[in-house]
Structures are given as structure tokens and as C-alpha cells.
$ cat run-v7.cif   # mmCIF, C-alpha atoms
data_work
#
loop_
_atom_site.group_PDB
_atom_site.id
_atom_site.type_symbol
_atom_site.label_atom_id
_atom_site.label_comp_id
_atom_site.auth_asym_id
_atom_site.auth_seq_id
_atom_site.Cartn_x
_atom_site.Cartn_y
_atom_site.Cartn_z
ATOM 1 C CA MET M 1 -105.682 -57.573 -34.260
ATOM 2 C CA PRO M 2 -102.569 -59.708 -35.049
ATOM 3 C CA THR M 3 -102.608 -61.878 -38.164
ATOM 4 C CA LEU M 4 -102.423 -65.671 -37.908
ATOM 5 C CA LYS M 5 -98.708 -65.532 -38.792
ATOM 6 C CA GLN M 6 -98.078 -62.916 -36.074
ATOM 7 C CA ARG M 7 -100.042 -64.941 -33.483
ATOM 8 C CA THR M 8 -98.039 -68.041 -34.406
ATOM 9 C CA LEU M 9 -94.732 -66.177 -34.074
ATOM 10 C CA LEU M 10 -95.836 -64.758 -30.711
ATOM 11 C CA ALA M 11 -96.839 -68.214 -29.492
ATOM 12 C CA VAL M 12 -93.513 -69.699 -30.604
ATOM 13 C CA ALA M 13 -91.571 -66.861 -28.971
ATOM 14 C CA GLY M 14 -93.554 -67.231 -25.748
ATOM 15 C CA ALA M 15 -93.021 -70.993 -25.701
ATOM 16 C CA THR M 16 -89.302 -70.512 -26.313
ATOM 17 C CA VAL M 17 -89.016 -68.095 -23.383
ATOM 18 C CA ALA M 18 -90.947 -70.535 -21.172
ATOM 19 C CA VAL M 19 -88.675 -73.425 -22.169
ATOM 20 C CA LEU M 20 -85.573 -71.348 -21.583
ATOM 21 C CA ALA M 21 -86.855 -70.255 -18.181
ATOM 22 C CA VAL M 22 -87.750 -73.799 -17.154
ATOM 23 C CA GLY M 23 -84.516 -75.228 -18.540
ATOM 24 C CA ALA M 24 -82.263 -72.603 -16.977
ATOM 25 C CA PRO M 25 -80.497 -73.620 -13.768
ATOM 26 C CA ALA M 26 -81.718 -71.815 -10.698
ATOM 27 C CA ALA M 27 -79.210 -69.660 -8.830
ATOM 28 C CA THR M 28 -78.795 -70.817 -5.258
ATOM 29 C CA ALA M 29 -76.528 -69.688 -2.460
ATOM 30 C CA ALA M 30 -74.517 -72.419 -0.778
ATOM 31 C CA LEU M 31 -74.431 -72.367 3.011
ATOM 32 C CA ASP M 32 -70.882 -73.691 3.027
ATOM 33 C CA SER M 33 -67.974 -73.218 0.672
ATOM 34 C CA GLU M 34 -68.324 -76.601 -1.090
ATOM 35 C CA GLN M 35 -70.111 -76.540 -4.396
ATOM 36 C CA PRO M 36 -71.841 -79.726 -5.512
ATOM 37 C CA LYS M 37 -70.098 -81.534 -8.348
ATOM 38 C CA ALA M 38 -71.950 -81.899 -11.597
ATOM 39 C CA ALA M 39 -73.043 -85.437 -12.351
ATOM 40 C CA GLU M 40 -71.091 -87.076 -15.120
ATOM 41 C CA ALA M 41 -73.090 -87.363 -18.310
ATOM 42 C CA PRO M 42 -73.617 -90.802 -19.830
ATOM 43 C CA SER M 43 -71.098 -91.334 -22.556
ATOM 44 C CA GLU M 44 -71.713 -94.693 -24.262
ATOM 45 C CA ALA M 45 -73.848 -94.734 -27.416
ATOM 46 C CA PHE M 46 -76.887 -97.021 -27.136
ATOM 47 C CA ILE M 47 -80.052 -97.712 -29.084
ATOM 48 C CA GLU M 48 -83.371 -97.750 -27.250
ATOM 49 C CA THR M 49 -85.949 -99.872 -29.047
ATOM 50 C CA ARG M 50 -89.572 -99.827 -27.933
ATOM 51 C CA LEU M 51 -92.030 -102.415 -29.167
ATOM 52 C CA PHE M 52 -95.780 -101.978 -28.709
ATOM 53 C CA PHE M 53 -97.850 -105.149 -28.411
ATOM 54 C CA GLY M 54 -101.631 -105.107 -28.635
ATOM 55 C CA THR M 55 -103.639 -107.754 -26.803
ATOM 56 C CA GLU M 56 -106.936 -107.856 -28.717
ATOM 57 C CA ARG M 57 -107.076 -110.275 -31.602
ATOM 58 C CA PRO M 58 -108.473 -108.963 -34.885
ATOM 59 C CA ASP M 59 -109.739 -112.482 -35.638
ATOM 60 C CA GLY M 60 -112.102 -112.267 -32.646
ATOM 61 C CA GLY M 61 -110.167 -114.725 -30.488
ATOM 62 C CA PRO M 62 -109.619 -114.147 -26.771
ATOM 63 C CA ASP M 63 -107.356 -111.296 -25.705
ATOM 64 C CA VAL M 64 -103.726 -112.142 -24.963
ATOM 65 C CA SER M 65 -103.529 -112.666 -21.198
ATOM 66 C CA ASP M 66 -100.779 -111.405 -18.877
ATOM 67 C CA ARG M 67 -99.605 -114.978 -18.434
ATOM 68 C CA GLN M 68 -99.426 -115.579 -22.191
ATOM 69 C CA PHE M 69 -97.542 -112.339 -22.748
ATOM 70 C CA MET M 70 -94.981 -113.031 -20.018
ATOM 71 C CA ARG M 71 -94.501 -116.567 -21.374
ATOM 72 C CA PHE M 72 -93.848 -114.980 -24.788
ATOM 73 C CA ILE M 73 -91.254 -112.656 -23.192
ATOM 74 C CA ASP M 74 -89.568 -115.583 -21.420
ATOM 75 C CA ARG M 75 -89.420 -117.755 -24.521
ATOM 76 C CA LYS M 76 -88.950 -115.321 -27.410
ATOM 77 C CA VAL M 77 -87.310 -112.194 -25.971
ATOM 78 C CA THR M 78 -85.166 -113.116 -22.967
ATOM 79 C CA PRO M 79 -82.942 -115.561 -24.909
ATOM 80 C CA SER M 80 -81.876 -112.705 -27.226
ATOM 81 C CA PHE M 81 -81.739 -110.029 -24.492
ATOM 82 C CA PRO M 82 -80.625 -111.813 -21.299
ATOM 83 C CA SER M 83 -78.878 -108.700 -19.918
ATOM 84 C CA GLY M 84 -82.195 -106.995 -19.252
ATOM 85 C CA LEU M 85 -85.376 -105.478 -20.580
ATOM 86 C CA THR M 86 -88.388 -103.557 -19.320
ATOM 87 C CA VAL M 87 -92.072 -104.363 -19.804
ATOM 88 C CA GLN M 88 -94.740 -101.769 -19.093
ATOM 89 C CA GLU M 89 -98.484 -102.234 -19.221
ATOM 90 C CA GLY M 90 -100.589 -99.641 -20.934
ATOM 91 C CA ARG M 91 -103.678 -98.711 -22.873
ATOM 92 C CA GLY M 92 -103.327 -97.809 -26.482
ATOM 93 C CA GLN M 93 -105.224 -97.042 -29.614
ATOM 94 C CA TRP M 94 -104.518 -97.152 -33.316
ATOM 95 C CA ARG M 95 -106.354 -97.119 -36.621
ATOM 96 C CA ASP M 96 -106.509 -100.614 -38.121
ATOM 97 C CA SER M 97 -106.327 -101.533 -41.804
ATOM 98 C CA ASN M 98 -110.139 -101.124 -42.083
ATOM 99 C CA GLY M 99 -110.002 -97.546 -40.740
ATOM 100 C CA THR M 100 -111.483 -98.470 -37.345
ATOM 101 C CA ILE M 101 -109.930 -96.918 -34.242
ATOM 102 C CA GLU M 102 -109.086 -99.803 -31.932
ATOM 103 C CA LYS M 103 -108.580 -99.226 -28.197
ATOM 104 C CA GLU M 104 -106.958 -101.999 -26.228
ATOM 105 C CA ARG M 105 -104.818 -103.091 -23.317
ATOM 106 C CA SER M 106 -101.209 -103.220 -24.486
ATOM 107 C CA TYR M 107 -97.615 -103.802 -23.473
ATOM 108 C CA GLU M 108 -94.526 -101.754 -24.171
ATOM 109 C CA LEU M 109 -91.230 -103.623 -24.307
ATOM 110 C CA ILE M 110 -88.107 -101.486 -23.903
ATOM 111 C CA LEU M 111 -84.774 -102.864 -25.078
ATOM 112 C CA LEU M 112 -81.503 -100.988 -24.570
ATOM 113 C CA TYR M 113 -78.332 -102.176 -26.294
ATOM 114 C CA PRO M 114 -74.992 -100.730 -27.438
ATOM 115 C CA ALA M 115 -75.196 -98.992 -30.801
ATOM 116 C CA THR M 116 -72.302 -101.184 -31.977
ATOM 117 C CA GLU M 117 -74.653 -104.199 -31.676
ATOM 118 C CA ALA M 118 -77.433 -102.728 -33.833
ATOM 119 C CA HIS M 119 -76.583 -104.905 -36.844
ATOM 120 C CA VAL M 120 -76.977 -108.046 -34.680
ATOM 121 C CA ARG M 121 -79.979 -106.842 -32.679
ATOM 122 C CA ASP M 122 -82.079 -105.672 -35.624
ATOM 123 C CA PRO M 123 -82.837 -109.171 -37.003
ATOM 124 C CA GLN M 124 -83.487 -110.463 -33.466
ATOM 125 C CA ILE M 125 -86.027 -107.698 -32.887
ATOM 126 C CA GLU M 126 -87.719 -108.349 -36.220
ATOM 127 C CA ARG M 127 -88.056 -112.056 -35.331
ATOM 128 C CA ILE M 128 -89.729 -111.045 -32.029
ATOM 129 C CA ARG M 129 -92.220 -108.821 -33.875
ATOM 130 C CA GLU M 130 -93.011 -111.512 -36.430
ATOM 131 C CA ALA M 131 -93.375 -114.236 -33.776
ATOM 132 C CA TYR M 132 -95.872 -112.195 -31.745
ATOM 133 C CA ALA M 133 -97.913 -111.164 -34.776
ATOM 134 C CA LYS M 134 -98.117 -114.784 -35.906
ATOM 135 C CA ALA M 135 -98.775 -116.326 -32.477
ATOM 136 C CA TYR M 136 -101.559 -113.885 -31.546
ATOM 137 C CA ALA M 137 -103.039 -113.008 -34.964
ATOM 138 C CA GLN M 138 -101.923 -109.365 -34.781
ATOM 139 C CA ASP M 139 -101.844 -106.962 -37.729
ATOM 140 C CA SER M 140 -98.532 -105.589 -36.499
ATOM 141 C CA VAL M 141 -96.201 -104.839 -33.598
ATOM 142 C CA ALA M 142 -95.103 -101.190 -33.658
ATOM 143 C CA ARG M 143 -91.395 -100.409 -33.337
ATOM 144 C CA LEU M 144 -89.613 -97.217 -32.301
ATOM 145 C CA ASP M 145 -85.801 -96.883 -32.327
ATOM 146 C CA GLU M 146 -83.943 -93.939 -30.815
ATOM 147 C CA PRO M 147 -80.236 -93.312 -30.381
ATOM 148 C CA THR M 148 -79.379 -92.398 -26.808
ATOM 149 C CA LEU M 149 -76.526 -92.252 -24.303
ATOM 150 C CA ALA M 150 -76.412 -94.504 -21.263
ATOM 151 C CA ASP M 151 -74.119 -95.451 -18.418
ATOM 152 C CA PHE M 152 -74.406 -98.296 -15.925
#
$ encode --input "run-v7.cif" --output "C-alpha cells"
Amino acid sequence: MPTLKQRTLLAVAGATVAVLAVGAPAATAALDSEQPKAAEAPSEAFIETRLFFGTERPDGGPDVSDRQFMRFIDRKVTPSFPSGLTVQEGRGQWRDSNGTIEKERSYELILLYPATEAHVRDPQIERIREAYAKAYAQDSVARLDEPTLADF
């Protein structure tokens, strides 16, 4: 019987082969002589920031409604990001400061901006987080930043 280390190595090797097989381009025969051109890869450096907004209030007040949230977006986010943004509805959970797992309706805000603007965008994003936490008695607004490439 394989040891735990051997089973782990086998699992990693198997997963690697599966990823390579899935990621490998499939060989296909063209019916005519023209080969499709490869799509051009995005080349401009951007930052993708995701903010996660809960809707339940720890103070026991009423949940943040869709209308309230969209008004918040219109007033506090759009002025700083008029070129565009994405809002997605979701369900989330997290462990609060008391150790309780909270499950709630939530929103994800996705902001995409050139990496060269990060020094300007960072304080704007922090003001958005602070404004929401204050307005709706939230413990926090989670933030995720990732470098990416984009083209429009």
C-alpha cells in the first residue's frame, strides 16, 4: 500500500496530466487550406479590483435593499469610475468578529482600470469601502486586487 507521501505525489502527477490534457490544443483537420488566425492576446496591463458587499446589518437593522445598493453605486462609485463597472448579485458567507458564520445576500463590484492609474484609484476604492461600511453598519467590505491584461 502506498504511503501518504506516495499517494500525494501520484495525485499531483495525475492532476498535472489531466490539466495538460485539457489545456492542450486539439488537433483538427481543416477542410480547406486556410488555417484560422490566432486571436491577438490582450496586451495592456490592468488591475481588476473586486469588492464584496454584505447586505445584512450586524446592528440588527433592515438588510440593504437592491434600491439602496444601486443608489450607493450611483452616488459613491460611478463618479470615480464613469467608464464602467460590473455589479453581480450573490450569496456569501464569512466568519464575523464574534466567530459566527454569517450567510447573506451580497453584491460583488468589479472595477477594471489601467495599472498606471493604481496610485489614483487606490484611495478612491478605499473611500468606497469606508462609505459603505459606515452607511450600512458593516464590519467590513472585502477587497481583492489582481493584475491582469485587457483589451477593448
$ atom_distance --input "run-v7.cif" --atom1 "CA of Ile47 in chain M" --atom2 "CA of Asp145 in chain M"
6.7 Å
$ resolve_selection --input "run-v7.cif" --expression "the PyMOL selection byres ((chain M and resi 116) around 12)" --output "list in words"
Glu44, Ala45, Phe46, Ile47, Leu112, Tyr113, Pro114, Ala115, Glu117, Ala118, His119, Val120, Arg121, Asp122 and Pro147 of chain M
$ residues_near_point --input "run-v7.cif" --point "(-109.7, -100.9, -29.3)" --cutoff "8 Å" --atoms "all atoms listed in the file" --output "VMD selection string"
chain M and resid 56 92 to 94 101 to 104
$ write_last_selection --input "run-v7.cif" --atoms "C-alpha atoms" --output "PDB file, in the coordinates of the input"
ATOM      1  CA  GLU M  56    -106.936-107.856 -28.717  1.00  0.00           C
ATOM      2  CA  GLY M  92    -103.327 -97.809 -26.482  1.00  0.00           C
ATOM      3  CA  GLN M  93    -105.224 -97.042 -29.614  1.00  0.00           C
ATOM      4  CA  TRP M  94    -104.518 -97.152 -33.316  1.00  0.00           C
ATOM      5  CA  ILE M 101    -109.930 -96.918 -34.242  1.00  0.00           C
ATOM      6  CA  GLU M 102    -109.086 -99.803 -31.932  1.00  0.00           C
ATOM      7  CA  LYS M 103    -108.580 -99.226 -28.197  1.00  0.00           C
ATOM      8  CA  GLU M 104    -106.958-101.999 -26.228  1.00  0.00           C
TER       9      GLU M 104
END
$ axis_aligned_box --input "run-v7.cif" --around "range 63-77 of chain M" --padding-each-side "5 Å" --output "AutoDock Vina command-line options"
--center_x -97.3 --center_y -114.5 --center_z -22.9 --size_x 30.0 --size_y 16.5 --size_z 19.0
$ atom_distance --input "run-v7.cif" --atom1 "CA of Arg105 in chain M" --atom2 "CA of Phe52 in chain M"
10.6 Å
$ resolve_selection --input "run-v7.cif" --expression "the PyMOL selection byres ((chain M and resi 128) around 12)" --output "PDB file with C-alpha atoms, in the frame of the given file"
ATOM      1  CA  ARG M  50     -89.572 -99.827 -27.933  1.00  0.00           C
ATOM      2  CA  LEU M  51     -92.030-102.415 -29.167  1.00  0.00           C
ATOM      3  CA  PHE M  52     -95.780-101.978 -28.709  1.00  0.00           C
ATOM      4  CA  PHE M  53     -97.850-105.149 -28.411  1.00  0.00           C
ATOM      5  CA  PHE M  72     -93.848-114.980 -24.788  1.00  0.00           C
ATOM      6  CA  ILE M  73     -91.254-112.656 -23.192  1.00  0.00           C
ATOM      7  CA  ASP M  74     -89.568-115.583 -21.420  1.00  0.00           C
ATOM      8  CA  ARG M  75     -89.420-117.755 -24.521  1.00  0.00           C
ATOM      9  CA  LYS M  76     -88.950-115.321 -27.410  1.00  0.00           C
ATOM     10  CA  VAL M  77     -87.310-112.194 -25.971  1.00  0.00           C
ATOM     11  CA  THR M  78     -85.166-113.116 -22.967  1.00  0.00           C
ATOM     12  CA  PRO M  79     -82.942-115.561 -24.909  1.00  0.00           C
ATOM     13  CA  SER M  80     -81.876-112.705 -27.226  1.00  0.00           C
ATOM     14  CA  PHE M  81     -81.739-110.029 -24.492  1.00  0.00           C
ATOM     15  CA  LEU M 109     -91.230-103.623 -24.307  1.00  0.00           C
ATOM     16  CA  LEU M 111     -84.774-102.864 -25.078  1.00  0.00           C
ATOM     17  CA  ARG M 121     -79.979-106.842 -32.679  1.00  0.00           C
ATOM     18  CA  ASP M 122     -82.079-105.672 -35.624  1.00  0.00           C
ATOM     19  CA  PRO M 123     -82.837-109.171 -37.003  1.00  0.00           C
ATOM     20  CA  GLN M 124     -83.487-110.463 -33.466  1.00  0.00           C
ATOM     21  CA  ILE M 125     -86.027-107.698 -32.887  1.00  0.00           C
ATOM     22  CA  GLU M 126     -87.719-108.349 -36.220  1.00  0.00           C
ATOM     23  CA  ARG M 127     -88.056-112.056 -35.331  1.00  0.00           C
ATOM     24  CA  ARG M 129     -92.220-108.821 -33.875  1.00  0.00           C
ATOM     25  CA  GLU M 130     -93.011-111.512 -36.430  1.00  0.00           C
ATOM     26  CA  ALA M 131     -93.375-114.236 -33.776  1.00  0.00           C
ATOM     27  CA  TYR M 132     -95.872-112.195 -31.745  1.00  0.00           C
ATOM     28  CA  ALA M 133     -97.913-111.164 -34.776  1.00  0.00           C
ATOM     29  CA  LYS M 134     -98.117-114.784 -35.906  1.00  0.00           C
ATOM     30  CA  ALA M 135     -98.775-116.326 -32.477  1.00  0.00           C
ATOM     31  CA  SER M 140     -98.532-105.589 -36.499  1.00  0.00           C
ATOM     32  CA  VAL M 141     -96.201-104.839 -33.598  1.00  0.00           C
ATOM     33  CA  ALA M 142     -95.103-101.190 -33.658  1.00  0.00           C
ATOM     34  CA  ARG M 143     -91.395-100.409 -33.337  1.00  0.00           C
TER      35      ARG M 143
END
$ resolve_selection --input "run-v7.cif" --expression "the PyMOL selection byres ((chain M and resi 57-63) around 8)" --output "JSON, numbers by chain"
{"M": [55, 56, 64, 65, 136, 137, 138, 139]}
$ atom_distance --input "run-v7.cif" --atom1 "CA of Gln68 in chain M" --atom2 "CA of Glu89 in chain M"
13.7 Å
$ residues_around --input "run-v7.cif" --residues "Gln88 in chain M" --least-positions-apart "5" --cutoff "9 Å" --atoms "only C-alpha atoms" --output "MDAnalysis selection string"
chainID M and resid 106:110
$ closest_residue --input "run-v7.cif" --among "M:Glu48, M:Glu146, M:Asp151, M:Asp66" --to "Gly90 in chain M" --atoms "only C-alpha atoms"
M:Asp66
